[in-house]
$ cat protein-v2.pdb   # PDB, C-alpha atoms (C1' of nucleotides)
ATOM      1  CA  MET A   1      -4.470  -9.553  19.565
ATOM      2  CA  PRO A   2      -5.118  -6.256  17.937
ATOM      3  CA  GLU A   3      -7.581  -4.945  15.474
ATOM      4  CA  LEU A   4      -7.887  -1.288  14.629
ATOM      5  CA  PRO A   5      -9.432  -0.243  17.973
ATOM      6  CA  GLU A   6      -6.664  -1.947  19.944
ATOM      7  CA  VAL A   7      -3.964  -0.391  17.768
ATOM      8  CA  GLU A   8      -5.606   3.025  18.058
ATOM      9  CA  THR A   9      -5.933   2.631  21.829
ATOM     10  CA  THR A  10      -2.264   1.693  21.984
ATOM     11  CA  ARG A  11      -1.356   4.702  19.828
ATOM     12  CA  ARG A  12      -3.257   7.098  22.072
ATOM     13  CA  SER A  13      -1.698   5.727  25.217
ATOM     14  CA  LEU A  14       1.828   5.777  23.737
ATOM     15  CA  GLU A  15       1.725   9.259  22.243
ATOM     16  CA  PRO A  16       2.195  11.336  25.424
ATOM     17  CA  HIS A  17       5.075   9.117  26.557
ATOM     18  CA  LEU A  18       6.947   9.176  23.258
ATOM     19  CA  VAL A  19       6.564  12.485  21.457
ATOM     20  CA  GLY A  20       9.524  14.751  22.132
ATOM     21  CA  ARG A  21      11.647  11.978  23.617
ATOM     22  CA  ARG A  22      15.013  11.037  22.191
ATOM     23  CA  ILE A  23      15.904   7.388  21.582
ATOM     24  CA  VAL A  24      19.147   6.588  23.377
ATOM     25  CA  ALA A  25      19.366   2.853  22.659
ATOM     26  CA  VAL A  26      17.588   0.096  20.772
ATOM     27  CA  ILE A  27      17.948  -3.494  21.953
ATOM     28  CA  VAL A  28      16.709  -6.268  19.664
ATOM     29  CA  ARG A  29      16.788  -9.618  21.463
ATOM     30  CA  ASP A  30      15.131 -11.670  18.753
ATOM     31  CA  ARG A  31      15.181 -10.589  15.118
ATOM     32  CA  ARG A  32      12.949 -13.464  13.979
ATOM     33  CA  LEU A  33       9.637 -11.655  13.749
ATOM     34  CA  ARG A  34       7.114 -11.773  10.874
ATOM     35  CA  TRP A  35       9.984 -10.560   8.764
ATOM     36  CA  PRO A  36      13.557 -10.542  10.051
ATOM     37  CA  VAL A  37      14.329  -7.243  11.757
ATOM     38  CA  GLN A  38      16.691  -5.348   9.457
ATOM     39  CA  ALA A  39      20.300  -5.163  10.569
ATOM     40  CA  ASP A  40      20.522  -1.373  10.636
ATOM     41  CA  LEU A  41      17.347  -0.722  12.642
ATOM     42  CA  GLU A  42      19.268   0.152  15.802
ATOM     43  CA  ALA A  43      21.609   2.537  13.973
ATOM     44  CA  ARG A  44      18.683   4.259  12.233
ATOM     45  CA  LEU A  45      16.833   4.934  15.459
ATOM     46  CA  GLU A  46      19.524   5.636  18.044
ATOM     47  CA  GLY A  47      19.870   9.342  18.699
ATOM     48  CA  ALA A  48      16.659  10.246  16.880
ATOM     49  CA  ARG A  49      13.939  12.359  18.433
ATOM     50  CA  ILE A  50      10.361  11.077  18.175
ATOM     51  CA  ASP A  51       8.117  13.625  16.460
ATOM     52  CA  ARG A  52       4.865  11.744  16.032
ATOM     53  CA  VAL A  53       2.970   8.538  16.725
ATOM     54  CA  ASP A  54       0.479   7.809  13.947
ATOM     55  CA  ARG A  55      -1.592   4.851  12.831
ATOM     56  CA  ARG A  56      -2.367   3.511   9.363
ATOM     57  CA  ALA A  57      -4.634   0.451   9.274
ATOM     58  CA  LYS A  58      -3.160  -1.794  11.992
ATOM     59  CA  TYR A  59       0.336  -0.323  11.677
ATOM     60  CA  LEU A  60       1.758   2.076  14.223
ATOM     61  CA  LEU A  61       4.027   4.711  12.701
ATOM     62  CA  ILE A  62       6.636   6.173  15.016
ATOM     63  CA  GLY A  63       8.062   9.142  13.181
ATOM     64  CA  VAL A  64      11.474  10.733  13.633
ATOM     65  CA  ALA A  65      13.137  13.509  11.635
ATOM     66  CA  ASP A  66      14.300  11.510   8.624
ATOM     67  CA  GLY A  67      12.137   8.423   8.680
ATOM     68  CA  THR A  68       9.503   6.258  10.284
ATOM     69  CA  LEU A  69       9.417   3.043  12.278
ATOM     70  CA  LEU A  70       6.516   0.894  11.040
ATOM     71  CA  LEU A  71       5.371  -1.397  13.796
ATOM     72  CA  HIS A  72       2.762  -4.154  13.503
ATOM     73  CA  LEU A  73       1.508  -6.028  16.566
ATOM     74  CA  GLY A  74       0.501  -9.152  14.663
ATOM     75  CA  MET A  75      -1.801 -11.469  16.621
ATOM     76  CA  SER A  76      -0.190 -11.434  20.017
ATOM     77  CA  GLY A  77       1.983  -8.318  20.200
ATOM     78  CA  ASN A  78       1.781  -5.445  22.639
ATOM     79  CA  LEU A  79       3.758  -2.339  23.490
ATOM     80  CA  GLN A  80       4.258  -0.959  26.942
ATOM     81  CA  VAL A  81       6.207   1.929  28.378
ATOM     82  CA  VAL A  82       7.972   0.590  31.446
ATOM     83  CA  GLY A  83      10.535   1.749  33.978
ATOM     84  CA  PRO A  84      14.245   1.007  33.482
ATOM     85  CA  ALA A  85      14.394  -1.773  36.073
ATOM     86  CA  THR A  86      11.325  -3.657  34.888
ATOM     87  CA  PRO A  87      12.182  -7.370  34.727
ATOM     88  CA  LEU A  88      12.197  -8.977  31.313
ATOM     89  CA  ARG A  89       9.540 -11.496  30.488
ATOM     90  CA  LYS A  90       9.764 -14.250  27.946
ATOM     91  CA  HIS A  91       9.080 -12.841  24.457
ATOM     92  CA  ASP A  92      10.153  -9.265  25.232
ATOM     93  CA  HIS A  93      11.832  -9.020  21.828
ATOM     94  CA  VAL A  94      12.653  -5.317  21.476
ATOM     95  CA  ASP A  95      13.398  -2.442  23.867
ATOM     96  CA  ILE A  96      13.544   1.156  22.716
ATOM     97  CA  VAL A  97      15.221   3.089  25.523
ATOM     98  CA  LEU A  98      14.157   6.718  25.873
ATOM     99  CA  ASP A  99      16.090   9.682  27.244
ATOM    100  CA  ASP A 100      13.942   9.759  30.382
ATOM    101  CA  SER A 101      15.324   6.242  31.013
ATOM    102  CA  ARG A 102      11.970   4.640  30.430
ATOM    103  CA  VAL A 103      11.625   1.855  27.885
ATOM    104  CA  LEU A 104       9.179   1.187  25.068
ATOM    105  CA  ARG A 105       9.008  -2.608  25.211
ATOM    106  CA  PHE A 106       7.678  -4.825  22.405
ATOM    107  CA  HIS A 107       6.346  -8.165  23.588
ATOM    108  CA  ASP A 108       5.054 -10.741  21.101
ATOM    109  CA  PRO A 109       4.830 -14.462  21.937
ATOM    110  CA  ARG A 110       3.747 -15.607  18.482
ATOM    111  CA  ARG A 111       6.183 -13.327  16.624
ATOM    112  CA  PHE A 112       3.668 -12.409  13.916
ATOM    113  CA  GLY A 113       4.442  -8.752  14.572
ATOM    114  CA  SER A 114       7.023  -6.730  12.669
ATOM    115  CA  LEU A 115       9.271  -3.660  12.701
ATOM    116  CA  HIS A 116      10.435  -1.830   9.599
ATOM    117  CA  TRP A 117      12.481   1.302   9.180
ATOM    118  CA  THR A 118      11.530   3.435   6.193
ATOM    119  CA  GLU A 119      12.560   6.833   4.895
ATOM    120  CA  GLY A 120      10.072   9.690   5.015
ATOM    121  CA  ASP A 121       6.602   9.456   6.536
ATOM    122  CA  GLY A 122       6.144   5.770   5.714
ATOM    123  CA  GLY A 123       3.257   6.262   3.306
ATOM    124  CA  SER A 124       5.190   5.013   0.312
ATOM    125  CA  HIS A 125       6.392   1.835   1.991
ATOM    126  CA  PRO A 126       5.129  -1.248   0.079
ATOM    127  CA  LEU A 127       3.313  -2.505   3.163
ATOM    128  CA  LEU A 128       1.252   0.684   3.340
ATOM    129  CA  ALA A 129       1.046   1.862  -0.244
ATOM    130  CA  ALA A 130      -1.526  -0.730  -1.341
ATOM    131  CA  LEU A 131      -3.801  -0.340   1.665
ATOM    132  CA  ALA A 132      -7.423   0.633   1.204
ATOM    133  CA  PRO A 133      -9.210   3.609   2.828
ATOM    134  CA  GLU A 134      -9.449   3.884   6.589
ATOM    135  CA  PRO A 135     -12.886   2.697   7.731
ATOM    136  CA  LEU A 136     -13.527   5.761   9.912
ATOM    137  CA  THR A 137     -13.033   8.269   7.100
ATOM    138  CA  ASP A 138     -15.572   9.622   4.614
ATOM    139  CA  ALA A 139     -13.790   7.744   1.804
ATOM    140  CA  PHE A 140     -15.332   4.560   3.180
ATOM    141  CA  ASP A 141     -19.031   4.934   2.447
ATOM    142  CA  GLY A 142     -21.892   2.863   1.095
ATOM    143  CA  ASP A 143     -21.239   3.795  -2.523
ATOM    144  CA  TYR A 144     -17.594   2.789  -2.178
ATOM    145  CA  LEU A 145     -18.391  -0.589  -0.611
ATOM    146  CA  HIS A 146     -21.091  -1.267  -3.185
ATOM    147  CA  GLN A 147     -18.718  -0.436  -6.010
ATOM    148  CA  VAL A 148     -15.787  -2.561  -4.825
ATOM    149  CA  THR A 149     -17.957  -5.588  -4.085
ATOM    150  CA  ARG A 150     -19.439  -5.832  -7.586
ATOM    151  CA  GLY A 151     -18.311  -9.070  -9.158
ATOM    152  CA  ARG A 152     -16.917 -10.398  -5.884
ATOM    153  CA  SER A 153     -18.256 -13.845  -5.050
ATOM    154  CA  ALA A 154     -16.362 -14.237  -1.778
ATOM    155  CA  ALA A 155     -18.282 -14.101   1.489
ATOM    156  CA  ILE A 156     -18.856 -10.554   2.723
ATOM    157  CA  LYS A 157     -17.106 -11.316   5.999
ATOM    158  CA  HIS A 158     -13.981 -12.312   4.109
ATOM    159  CA  ILE A 159     -14.208  -9.171   1.992
ATOM    160  CA  LEU A 160     -14.483  -6.963   5.085
ATOM    161  CA  MET A 161     -11.209  -8.413   6.336
ATOM    162  CA  ASN A 162      -9.411  -7.858   3.026
ATOM    163  CA  GLY A 163      -7.072  -4.944   3.653
ATOM    164  CA  THR A 164      -7.006  -3.885   0.020
ATOM    165  CA  LEU A 165     -10.747  -3.024   0.151
ATOM    166  CA  VAL A 166     -11.045  -1.568   3.638
ATOM    167  CA  THR A 167      -8.390  -1.582   6.367
ATOM    168  CA  GLY A 168      -8.430  -2.361  10.032
ATOM    169  CA  VAL A 169     -11.499  -4.610  10.258
ATOM    170  CA  GLY A 170     -10.389  -7.887  11.792
ATOM    171  CA  ASN A 171     -12.077 -11.048  12.930
ATOM    172  CA  ILE A 172     -13.926  -9.772  15.998
ATOM    173  CA  TYR A 173     -15.310  -6.586  14.527
ATOM    174  CA  ALA A 174     -16.246  -8.173  11.190
ATOM    175  CA  SER A 175     -18.625 -10.505  13.044
ATOM    176  CA  GLU A 176     -19.894  -7.697  15.259
ATOM    177  CA  ALA A 177     -20.524  -5.283  12.376
ATOM    178  CA  LEU A 178     -22.351  -7.897  10.298
ATOM    179  CA  PHE A 179     -24.611  -8.628  13.266
ATOM    180  CA  ARG A 180     -25.396  -4.944  13.730
ATOM    181  CA  ALA A 181     -26.176  -4.675  10.016
ATOM    182  CA  GLY A 182     -28.346  -7.810   9.980
ATOM    183  CA  ILE A 183     -26.277  -9.415   7.221
ATOM    184  CA  ASN A 184     -25.358 -13.103   7.074
ATOM    185  CA  PRO A 185     -21.549 -13.339   7.011
ATOM    186  CA  ARG A 186     -21.680 -16.000   4.279
ATOM    187  CA  THR A 187     -23.523 -13.770   1.818
ATOM    188  CA  ALA A 188     -21.640 -13.387  -1.456
ATOM    189  CA  ALA A 189     -20.425  -9.795  -1.477
ATOM    190  CA  ARG A 190     -21.790  -9.076  -4.955
ATOM    191  CA  ARG A 191     -25.317  -9.899  -3.814
ATOM    192  CA  LEU A 192     -25.466  -7.003  -1.342
ATOM    193  CA  SER A 193     -27.714  -4.164  -2.442
ATOM    194  CA  ALA A 194     -26.607  -0.544  -2.235
ATOM    195  CA  VAL A 195     -28.916  -0.083   0.755
ATOM    196  CA  ARG A 196     -27.359  -3.004   2.604
ATOM    197  CA  CYS A 197     -23.842  -1.759   1.786
ATOM    198  CA  THR A 198     -24.757   1.590   3.317
ATOM    199  CA  ARG A 199     -26.123  -0.150   6.399
ATOM    200  CA  LEU A 200     -22.990  -2.276   6.706
ATOM    201  CA  VAL A 201     -20.652   0.702   6.420
ATOM    202  CA  ALA A 202     -22.585   2.456   9.179
ATOM    203  CA  ALA A 203     -22.354  -0.688  11.317
ATOM    204  CA  VAL A 204     -18.578  -0.985  10.770
ATOM    205  CA  LYS A 205     -18.037   2.649  11.800
ATOM    206  CA  GLU A 206     -20.321   2.313  14.808
ATOM    207  CA  THR A 207     -18.672  -0.929  15.964
ATOM    208  CA  LEU A 208     -15.131   0.440  15.658
ATOM    209  CA  ALA A 209     -16.019   3.734  17.338
ATOM    210  CA  LEU A 210     -17.645   1.948  20.277
ATOM    211  CA  ALA A 211     -14.636  -0.339  20.634
ATOM    212  CA  ILE A 212     -12.204   2.583  20.618
ATOM    213  CA  ASP A 213     -14.295   4.314  23.288
ATOM    214  CA  ALA A 214     -14.141   1.128  25.359
ATOM    215  CA  GLY A 215     -10.352   0.984  25.038
ATOM    216  CA  GLY A 216     -10.384  -2.008  22.704
ATOM    217  CA  SER A 217     -11.179  -5.634  23.362
ATOM    218  CA  THR A 218      -9.367  -7.777  25.867
ATOM    219  CA  LEU A 219      -9.425 -11.346  24.742
ATOM    220  CA  ARG A 220      -6.620 -13.196  26.415
ATOM    221  CA  ASP A 221      -3.739 -10.768  26.745
ATOM    222  CA  TYR A 222      -4.449  -7.371  25.207
ATOM    223  CA  VAL A 223      -3.338  -4.344  27.208
ATOM    224  CA  ASP A 224      -2.600  -0.765  26.183
ATOM    225  CA  ALA A 225       0.739   0.971  26.672
ATOM    226  CA  GLY A 226       0.040   1.540  30.333
ATOM    227  CA  GLY A 227      -0.863  -2.101  30.876
ATOM    228  CA  ARG A 228      -4.604  -1.414  31.040
ATOM    229  CA  PRO A 229      -7.006  -3.941  29.513
ATOM    230  CA  GLY A 230      -9.879  -2.918  27.260
ATOM    231  CA  HIS A 231     -13.406  -3.960  27.961
ATOM    232  CA  PHE A 232     -15.169  -4.054  24.598
ATOM    233  CA  GLN A 233     -15.562  -7.813  24.722
ATOM    234  CA  GLN A 234     -18.055  -7.306  27.539
ATOM    235  CA  GLN A 235     -20.166  -5.499  24.935
ATOM    236  CA  SER A 236     -19.697  -8.024  22.166
ATOM    237  CA  LEU A 237     -23.048  -9.082  20.762
ATOM    238  CA  VAL A 238     -21.983 -12.278  19.006
ATOM    239  CA  TYR A 239     -18.205 -12.805  19.183
ATOM    240  CA  GLU A 240     -17.324 -15.800  21.368
ATOM    241  CA  ARG A 241     -21.004 -16.183  22.242
ATOM    242  CA  GLY A 242     -21.690 -19.389  20.312
ATOM    243  CA  GLY A 243     -24.696 -21.206  21.779
ATOM    244  CA  GLN A 244     -25.872 -18.178  23.760
ATOM    245  CA  ALA A 245     -29.167 -16.432  23.097
ATOM    246  CA  CYS A 246     -29.132 -13.575  20.605
ATOM    247  CA  SER A 247     -29.634 -10.302  22.472
ATOM    248  CA  ARG A 248     -32.099  -9.151  19.838
ATOM    249  CA  CYS A 249     -34.284 -12.187  19.103
ATOM    250  CA  GLY A 250     -33.285 -14.909  21.546
ATOM    251  CA  ALA A 251     -32.262 -17.440  18.899
ATOM    252  CA  SER A 252     -29.033 -19.354  19.465
ATOM    253  CA  ILE A 253     -25.845 -17.684  18.199
ATOM    254  CA  ARG A 254     -24.075 -19.930  15.720
ATOM    255  CA  HIS A 255     -20.316 -20.508  15.541
ATOM    256  CA  ILE A 256     -18.904 -21.477  12.130
ATOM    257  CA  ARG A 257     -15.526 -21.440  10.377
ATOM    258  CA  GLN A 258     -14.911 -19.321   7.327
ATOM    259  CA  GLY A 259     -11.507 -19.860   5.847
ATOM    260  CA  GLN A 260      -9.450 -20.662   8.924
ATOM    261  CA  ARG A 261     -11.234 -18.116  11.109
ATOM    262  CA  SER A 262     -14.136 -18.275  13.529
ATOM    263  CA  THR A 263     -17.357 -16.469  12.674
ATOM    264  CA  TYR A 264     -20.311 -15.883  15.001
ATOM    265  CA  TYR A 265     -23.766 -14.844  13.860
ATOM    266  CA  CYS A 266     -27.474 -15.083  14.543
ATOM    267  CA  VAL A 267     -29.229 -17.257  11.979
ATOM    268  CA  SER A 268     -32.487 -15.507  12.669
ATOM    269  CA  CYS A 269     -31.439 -11.824  12.615
ATOM    270  CA  GLN A 270     -28.781 -12.069   9.913
ATOM    271  CA  THR A 271     -30.079 -12.875   6.436
TER     272      THR A 271
ATOM    273  C1'  DA B   1      -7.982 -11.149 -11.260
ATOM    274  C1'  DG B   2      -9.996 -13.441  -7.523
ATOM    275  C1'  DC B   3     -10.780 -17.408  -4.540
ATOM    276  C1'  DT B   4      -9.180 -20.908  -1.193
ATOM    277  C1'  DC B   5      -5.957 -22.842   1.500
ATOM    278  C1'  DA B   6      -1.553 -23.576   3.967
ATOM    279  C1'  DC B   7       1.474 -21.546   6.756
ATOM    280  C1'  DC B   8       4.360 -18.539   9.976
ATOM    281  C1'  DC B   9       4.665 -19.112  15.878
ATOM    282  C1'  DT B  10       3.694 -19.921  20.936
ATOM    283  C1'  DG B  11       0.438 -20.723  24.617
ATOM    284  C1'  DC B  12      -3.590 -22.437  26.566
ATOM    285  C1'  DG B  13      -7.615 -25.205  27.582
ATOM    286  C1'  DA B  14     -10.095 -29.483  26.662
ATOM    287  C1'  DG B  15     -10.168 -34.251  26.405
ATOM    288  C1'  DC B  16      -8.190 -38.557  27.139
TER     289       DC B  16
ATOM    290  C1'  DT C   1       0.203 -35.826  35.733
ATOM    291  C1'  DG C   2       1.148 -35.584  31.006
ATOM    292  C1'  DC C   3       0.159 -36.300  26.175
ATOM    293  C1'  DT C   4      -2.149 -34.569  21.944
ATOM    294  C1'  DC C   5      -5.318 -31.788  19.577
ATOM    295  C1'  DG C   6      -7.511 -27.633  18.202
ATOM    296  C1'  DC C   7      -7.820 -22.972  18.469
ATOM    297  C1'  DA C   8      -6.377 -17.918  19.117
ATOM    298  C1'  DG C   9      -7.315 -10.828  17.685
ATOM    299  C1'  DG C  10      -2.744 -11.045  11.633
ATOM    300  C1'  DG C  11      -1.112 -11.270   7.029
ATOM    301  C1'  DT C  12       1.368 -13.330   2.803
ATOM    302  C1'  DG C  13       1.929 -16.177  -1.008
ATOM    303  C1'  DA C  14       1.108 -20.496  -3.828
ATOM    304  C1'  DG C  15      -1.873 -22.918  -6.742
ATOM    305  C1'  DC C  16      -5.909 -23.118  -9.033
TER     306       DC C  16
END
$ encode --input "protein-v2.pdb" --output "structure tokens"
Amino acid sequence: MPELPEVETTRRSLEPHLVGRRIVAVIVRDRRLRWPVQADLEARLEGARIDRVDRRAKYLLIGVADGTLLLHLGMSGNLQVVGPATPLRKHDHVDIVLDDSRVLRFHDPRRFGSLHWTEGDGGSHPLLAALAPEPLTDAFDGDYLHQVTRGRSAAIKHILMNGTLVTGVGNIYASEALFRAGINPRTAARRLSAVRCTRLVAAVKETLALAIDAGGSTLRDYVDAGGRPGHFQQQSLVYERGGQACSRCGASIRHIRQGQRSTYYCVSCQT
DNA sequence: AGCTCACCCTGCGAGC
DNA sequence: TGCTCGCAGGGTGAGC
């Protein structure tokens, strides 16, 4: 479900409910997530007071005094703060019970999500240490993208989704950003000029910022921590619009597969 | 080193 | 109705 805007929307909606609360119980109903949930997770978290809710790439970082819970929503995960008597649904794998008796509930049908406990602020954890710059910071600029794409023959769309070059850009927003930049998603990354790299970086930032403002995309089942859907998909220019007319030139939007993922683009606008 | 592909898992809609 | 197939927003790791 989530790309960076959905994770950031979730973070913002969780923060006021979590910061300052003490964790009174942790209930793990199914440990078989992307990686098995470590045996001491409950003991690490119970009794701890939540100091911060941060985000790095698509990871949520729930910080307590002596460590951090790294939480990834995978493809189908979501987090909601619910009342103590809220009935369980299928795939409600983890409950974190707070001292106001409300519950932070992790729901993930496909179980591609994950939870990890790590000491300190989480930044040195192997899952985070190798991650590239955040796309919405100044470290991600045209010069940077131009530099890291030299010698790379892979398609630019694939490169955008490679978390060791830039983080947080997933399948929806890669297609959307390439459309805004007028770049064909199949272009070999090394063939992009410095000017086009600059244009693409601007398009990535613009696309992500718009999506965050819209509360993320709601394809299928995404909701934020309060159960509210996002509405970015109503603004999508190409994603899931195969066969429709391009909003810019009227040509038919094409749907292709790159790797195992869907890509949408306008053959006329994107060269 | 980088590229490509298979795979982890469940649910849903389409087609028969 | 019920089946099979393909596809879905993520990421890792094997084999080349």
$ residues_around --input "protein-v2.pdb" --residues "B:DA14" --least-positions-apart "6" --cutoff "12 Å" --atoms "all atoms listed in the file" --output "ChimeraX atom specification"
/C:4-7
$ interface_residues --input "protein-v2.pdb" --of "chain B" --to "chain A" --cutoff "9 Å" --atoms "all atoms listed in the file" --output "list in words"
DG2, DC3, DT4, DC5, DC8, DC9, DT10 and DG11 of chain B
$ resolve_selection --input "protein-v2.pdb" --expression "the PyMOL selection byres ((chain C and resi 10) around 8)" --output "ChimeraX atom specification"
/A:74-75,112 /C:9,11
$ axis_aligned_box --input "protein-v2.pdb" --around "stretch 1-14 of chain C" --padding-each-side "5 Å" --output "JSON"
{"center_x": -2.9, "center_y": -23.6, "center_z": 16.0, "size_x": 19.7, "size_y": 35.5, "size_z": 49.6}
$ resolve_selection --input "protein-v2.pdb" --expression "the PyMOL selection byres ((chain A) within 12 of (chain C))" --output "PyMOL selection string"
chain A and resi 1-7+34-35+57-59+72-78+110-114+127+161-164+168-174+216-222+233+239-240+257+260-262
$ residues_around --input "protein-v2.pdb" --residues "A:Ala25" --least-positions-apart "2" --cutoff "10 Å" --atoms "all atoms listed in the file" --output "VMD selection string"
chain A and resid 22 to 23 27 to 28 42 to 43 45 to 48 95 to 99 101 103
$ write_last_selection --input "protein-v2.pdb" --atoms "C-alpha atoms" --output "compact mmCIF listing (two decimals), in the coordinates of the input"
# COMPACT_ATOMS: atom_id res chain seq x y z
CA ARG A 22 15.01 11.04 22.19
CA ILE A 23 15.90 7.39 21.58
CA ILE A 27 17.95 -3.49 21.95
CA VAL A 28 16.71 -6.27 19.66
CA GLU A 42 19.27 0.15 15.80
CA ALA A 43 21.61 2.54 13.97
CA LEU A 45 16.83 4.93 15.46
CA GLU A 46 19.52 5.64 18.04
CA GLY A 47 19.87 9.34 18.70
CA ALA A 48 16.66 10.25 16.88
CA ASP A 95 13.40 -2.44 23.87
CA ILE A 96 13.54 1.16 22.72
CA VAL A 97 15.22 3.09 25.52
CA LEU A 98 14.16 6.72 25.87
CA ASP A 99 16.09 9.68 27.24
CA SER A 101 15.32 6.24 31.01
CA VAL A 103 11.62 1.86 27.88
$ atom_distance --input "protein-v2.pdb" --atom1 "atom CA of A:His116" --atom2 "atom CA of A:Leu70"
5.0 Å
$ resolve_selection --input "protein-v2.pdb" --expression "the PyMOL selection byres ((chain A and resi 51) around 12)" --output "PyMOL selection string"
chain A and resi 15-23+48-50+52-54+61-69+121
$ atom_distance --input "protein-v2.pdb" --atom1 "atom CA of A:Ala211" --atom2 "atom CA of A:Ala130"
25.6 Å
$ atom_distance --input "protein-v2.pdb" --atom1 "atom CA of A:Gly215" --atom2 "atom CA of A:His231"
6.5 Å
$ closest_residue --input "protein-v2.pdb" --among "A:Ala202, A:Ile156, A:Leu210, A:Ala225" --to "A:Thr187" --atoms "all atoms listed in the file"
A:Ile156
